[in-house]
Amino acid sequence: MATNGEITDDEFVDLIYESDNSDAGAFYECSEKPYWPEPDDSTLYKPAYFSGSIESQNEKACRDFSTPITIEQAKANNVDRPIRVYADGIFDMFHAGHARALMQAKNVFPNVYLLVGVCSDELTHHMKGNTVMNEWERYEAVRHCRYVDEVITDAPWTITPDYLDEHKIDFVAHDDLPYVSKDSDDVYKDIKAAGKFVPTKRTEGISTSDLIARIVKDYDKYVRRNLRRGYTAKELNVGFIKEKKFQFQEGYDKVKEKVKSVETKSKELVHKFEDKGIELFQRWDERSREFIGNFLDLFGREGTLNQMWQGGKDKIKRAVSPTGSPPSSPSMSRSSSTSFISAGGNISFESDPDSDSDE
């Protein structure tokens, strides 16, 4: 506890948690504050302050709020202090739409100190219905948004002049659509009438209701996923029959996945064989062309073997049929005689009739 009687931000966190209503704690079966260690003095970036903490009180104590500020002055940055802009909400399942709304609120004027009010579980459950996150989780989600300077816990549903004065709020930021509640057709109509309202724009396509609708749409898928991760059927509020149904469905999907995997691998194997077959065919085609070319070179009309055969034939012809000897001279023919062997084996000589006879 601080010596001057004021409490620090960490001590304030403990106090607001101890003051949580018992109904909300029973609804979430949470009797103790979850342990989330606060950053120490050496931490460079820290979460936003809680309203009522010593840091929050010091921020108000060092500013002069005696003179009201108009929107024109705030836009012109014609004041010597930050403009205190207030945005409120439930901020259940804190999402990008929430963050973008707070970013707009932080930037409505050049110099803004952004206060964010978060409604408690008791008020929210009474006015709107159950939430997914409990109030502590919602406080912490908003507190760790970079655009927020201060978080006001247990914020009211309708903003009153006393509430504006207590927190020294200059302007209230919210989207311009009428916000209907049980007691009013627009909870911001008095703020708008007083000229203290600055509009922001909603982010289309995302809201807490949209996120819950997505979960409900794929309810079976998320229940089965959490059962796989170790949650019990009791924790998920799933009955015995539905649990068995999910178990059967899980087994069926596993078999289906295996069949699909085998089918995929079979297709891959077939594709591999096809690719290999095409490759082998291409290689065979190339080799066959090469073989045919070599065959033609060897056995074709102009091939090596044919040339060898033709050359051999020519040599054989020359050997079998030699060229004739030159004709004899006349003198030799006149003086020569012919000898032959008769059938009886006698050798006879016949003189050339043209030769001269000796008498």
# chains A, B, ... in the order shown; residues from 1 in each chain; ligands from 1
call {"tool": "select_by_dssp", "arguments": {"residues": "segment 217-303 of chain A", "states": "helix (DSSP H, G or I)", "output": "PyMOL selection string"}}
result
chain A and resi 217+219-228+240-299
call {"tool": "closest_atom_pairs", "arguments": {"of": "segment 76-193 of chain A", "to": "segment 201-223 of chain A", "cutoff": "8 Å", "atoms": "only C-alpha atoms", "output": "CSV"}}
result
residue,atom,partner,partner_atom,distance
A:Asp92,CA,A:Thr208,CA,6.5
A:Met93,CA,A:Thr208,CA,6.2
A:Phe94,CA,A:Thr208,CA,7.7
A:His95,CA,A:Ser207,CA,7.5
A:Ala96,CA,A:Ile206,CA,7.6
A:Gly97,CA,A:Thr203,CA,5.3
A:Arg100,CA,A:Thr203,CA,7.3
A:Ala101,CA,A:Arg202,CA,6.8
A:Gln104,CA,A:Lys201,CA,8.0
A:His174,CA,A:Lys201,CA,7.8
A:Asp175,CA,A:Lys201,CA,5.2
A:Asp176,CA,A:Lys201,CA,7.4
call {"tool": "write_last_selection", "arguments": {"atoms": "N, CA, C and O atoms", "output": "JSON list (two decimals), in the first residue's frame"}}
result
[["chain", "number", "residue", "atom", "x", "y", "z"],
["A", 92, "ASP", "N", -16.41, -8.97, -25.57],
["A", 92, "ASP", "CA", -16.33, -10.42, -25.42],
["A", 92, "ASP", "C", -15.60, -11.01, -26.64],
["A", 92, "ASP", "O", -15.83, -10.58, -27.78],
["A", 93, "MET", "N", -14.72, -11.96, -26.40],
["A", 93, "MET", "CA", -13.91, -12.56, -27.46],
["A", 93, "MET", "C", -13.22, -11.44, -28.27],
["A", 93, "MET", "O", -13.38, -11.33, -29.48],
["A", 94, "PHE", "N", -12.47, -10.63, -27.59],
["A", 94, "PHE", "CA", -11.83, -9.45, -28.16],
["A", 94, "PHE", "C", -11.21, -9.77, -29.52],
["A", 94, "PHE", "O", -10.39, -10.67, -29.66],
["A", 95, "HIS", "N", -11.63, -9.04, -30.55],
["A", 95, "HIS", "CA", -11.23, -9.35, -31.92],
["A", 95, "HIS", "C", -10.81, -8.09, -32.67],
["A", 95, "HIS", "O", -10.77, -6.98, -32.10],
["A", 96, "ALA", "N", -10.52, -8.25, -33.95],
["A", 96, "ALA", "CA", -10.01, -7.14, -34.77],
["A", 96, "ALA", "C", -11.01, -6.00, -34.87],
["A", 96, "ALA", "O", -10.61, -4.83, -34.95],
["A", 97, "GLY", "N", -12.30, -6.30, -34.88],
["A", 97, "GLY", "CA", -13.31, -5.23, -34.93],
["A", 97, "GLY", "C", -13.23, -4.34, -33.71],
["A", 97, "GLY", "O", -13.35, -3.10, -33.81],
["A", 100, "ARG", "N", -9.99, -2.20, -33.98],
["A", 100, "ARG", "CA", -10.10, -1.12, -34.96],
["A", 100, "ARG", "C", -10.99, 0.01, -34.44],
["A", 100, "ARG", "O", -10.74, 1.19, -34.73],
["A", 101, "ALA", "N", -12.03, -0.33, -33.69],
["A", 101, "ALA", "CA", -12.88, 0.71, -33.09],
["A", 101, "ALA", "C", -12.09, 1.55, -32.09],
["A", 101, "ALA", "O", -12.21, 2.79, -32.06],
["A", 104, "GLN", "N", -9.72, 3.91, -33.86],
["A", 104, "GLN", "CA", -10.41, 5.11, -34.35],
["A", 104, "GLN", "C", -10.65, 6.09, -33.21],
["A", 104, "GLN", "O", -10.48, 7.31, -33.37],
["A", 174, "HIS", "N", -18.18, 6.11, -30.29],
["A", 174, "HIS", "CA", -18.89, 4.86, -30.59],
["A", 174, "HIS", "C", -19.40, 4.95, -32.02],
["A", 174, "HIS", "O", -19.45, 6.05, -32.58],
["A", 175, "ASP", "N", -19.77, 3.79, -32.60],
["A", 175, "ASP", "CA", -20.33, 3.88, -33.95],
["A", 175, "ASP", "C", -21.68, 4.58, -33.89],
["A", 175, "ASP", "O", -22.36, 4.60, -32.86],
["A", 176, "ASP", "N", -22.09, 5.19, -34.98],
["A", 176, "ASP", "CA", -23.22, 6.12, -35.00],
["A", 176, "ASP", "C", -24.59, 5.44, -35.01],
["A", 176, "ASP", "O", -25.62, 6.10, -34.89]]
call {"tool": "residues_around", "arguments": {"residues": "segment 117-133 of chain A", "least_positions_apart": "2", "cutoff": "9 Å", "atoms": "only C-alpha atoms", "output": "ChimeraX atom specification"}}
result
/A:20-21,23-24,28,86-93,115,135-139,142,150-157,181-182,212
call {"tool": "select_by_dssp", "arguments": {"residues": "segment 25-237 of chain A", "states": "strand (DSSP E)", "output": "ChimeraX atom specification"}}
result
/A:49-50,83-89,112-118,150-153,171-175,197-200
call {"tool": "residues_around", "arguments": {"residues": "segment 251-264 of chain A", "least_positions_apart": "5", "cutoff": "12 Å", "atoms": "only C-alpha atoms", "output": "MDAnalysis selection string"}}
result
chainID A and resid 221 224 228 244:246 269:271
call {"tool": "write_last_selection", "arguments": {"atoms": "all heavy atoms", "output": "CSV table (one decimal), in the first residue's frame"}}
result
chain,number,residue,atom,x,y,z
A,221,LYS,N,-17.1,-30.4,-35.3
A,221,LYS,CA,-15.7,-30.4,-35.6
A,221,LYS,C,-14.8,-29.9,-34.4
A,221,LYS,O,-13.8,-30.5,-34.1
A,221,LYS,CB,-15.4,-29.4,-36.8
A,221,LYS,CG,-14.0,-29.4,-37.3
A,221,LYS,CD,-13.7,-28.3,-38.3
A,221,LYS,CE,-14.6,-28.5,-39.5
A,221,LYS,NZ,-14.3,-27.4,-40.5
A,224,ARG,N,-15.0,-32.5,-31.5
A,224,ARG,CA,-14.1,-33.6,-31.8
A,224,ARG,C,-12.6,-33.2,-31.6
A,224,ARG,O,-11.8,-34.0,-31.1
A,224,ARG,CB,-14.3,-34.2,-33.2
A,224,ARG,CG,-15.6,-34.9,-33.3
A,224,ARG,CD,-16.0,-35.1,-34.7
A,224,ARG,NE,-15.0,-35.8,-35.5
A,224,ARG,CZ,-15.0,-35.8,-36.8
A,224,ARG,NH1,-16.0,-35.3,-37.5
A,224,ARG,NH2,-14.0,-36.4,-37.5
A,228,ARG,N,-10.0,-34.9,-28.9
A,228,ARG,CA,-8.6,-35.4,-29.2
A,228,ARG,C,-7.6,-34.8,-28.4
A,228,ARG,O,-6.5,-35.4,-28.1
A,228,ARG,CB,-8.4,-35.1,-30.7
A,228,ARG,CG,-9.1,-36.0,-31.7
A,228,ARG,CD,-8.5,-35.9,-33.1
A,228,ARG,NE,-8.4,-34.6,-33.6
A,228,ARG,CZ,-9.3,-34.0,-34.4
A,228,ARG,NH1,-10.4,-34.6,-34.7
A,228,ARG,NH2,-9.1,-32.8,-34.8
A,244,LYS,N,-20.1,-41.1,-28.0
A,244,LYS,CA,-19.9,-42.3,-28.8
A,244,LYS,C,-20.0,-42.1,-30.3
A,244,LYS,O,-19.3,-42.6,-31.1
A,244,LYS,CB,-20.9,-43.4,-28.4
A,244,LYS,CG,-20.7,-43.9,-27.0
A,244,LYS,CD,-19.3,-44.3,-26.7
A,244,LYS,CE,-19.1,-44.7,-25.2
A,244,LYS,NZ,-17.6,-44.9,-24.9
A,245,LYS,N,-21.0,-41.2,-30.6
A,245,LYS,CA,-21.1,-40.8,-32.0
A,245,LYS,C,-19.9,-40.1,-32.5
A,245,LYS,O,-19.4,-40.4,-33.6
A,245,LYS,CB,-22.3,-39.9,-32.1
A,245,LYS,CG,-22.5,-39.2,-33.5
A,245,LYS,CD,-23.5,-38.1,-33.5
A,245,LYS,CE,-23.4,-37.3,-34.8
A,245,LYS,NZ,-24.2,-36.0,-34.7
A,246,PHE,N,-19.3,-39.2,-31.7
A,246,PHE,CA,-18.1,-38.5,-32.1
A,246,PHE,C,-16.9,-39.5,-32.2
A,246,PHE,O,-16.1,-39.4,-33.1
A,246,PHE,CB,-17.8,-37.4,-31.1
A,246,PHE,CG,-18.7,-36.2,-31.2
A,246,PHE,CD1,-19.1,-35.6,-30.0
A,246,PHE,CD2,-19.2,-35.7,-32.4
A,246,PHE,CE1,-20.0,-34.5,-30.1
A,246,PHE,CE2,-20.0,-34.6,-32.5
A,246,PHE,CZ,-20.4,-34.0,-31.3
A,269,LEU,N,2.3,-43.7,-57.4
A,269,LEU,CA,3.1,-44.8,-57.9
A,269,LEU,C,2.8,-45.0,-59.4
A,269,LEU,O,3.7,-45.3,-60.2
A,269,LEU,CB,2.8,-46.0,-57.1
A,269,LEU,CG,3.7,-47.3,-57.4
A,269,LEU,CD1,5.1,-46.9,-57.0
A,269,LEU,CD2,3.2,-48.4,-56.5
A,270,VAL,N,1.5,-45.0,-59.8
A,270,VAL,CA,1.1,-45.1,-61.2
A,270,VAL,C,1.8,-44.1,-62.0
A,270,VAL,O,2.3,-44.3,-63.1
A,270,VAL,CB,-0.4,-45.1,-61.3
A,270,VAL,CG1,-0.8,-45.0,-62.8
A,270,VAL,CG2,-1.0,-46.3,-60.7
A,271,HIS,N,1.8,-42.8,-61.6
A,271,HIS,CA,2.4,-41.7,-62.3
A,271,HIS,C,3.9,-42.0,-62.5
A,271,HIS,O,4.5,-41.7,-63.5
A,271,HIS,CB,2.1,-40.4,-61.6
A,271,HIS,CG,0.7,-39.9,-61.7
A,271,HIS,ND1,0.0,-39.9,-62.9
A,271,HIS,CD2,-0.1,-39.4,-60.8
A,271,HIS,CE1,-1.2,-39.4,-62.7
A,271,HIS,NE2,-1.3,-39.1,-61.5
call {"tool": "atom_distance", "arguments": {"atom1": "atom CA of Ala105 of chain A", "atom2": "atom CA of Ala173 of chain A"}}
result
5.8 Å
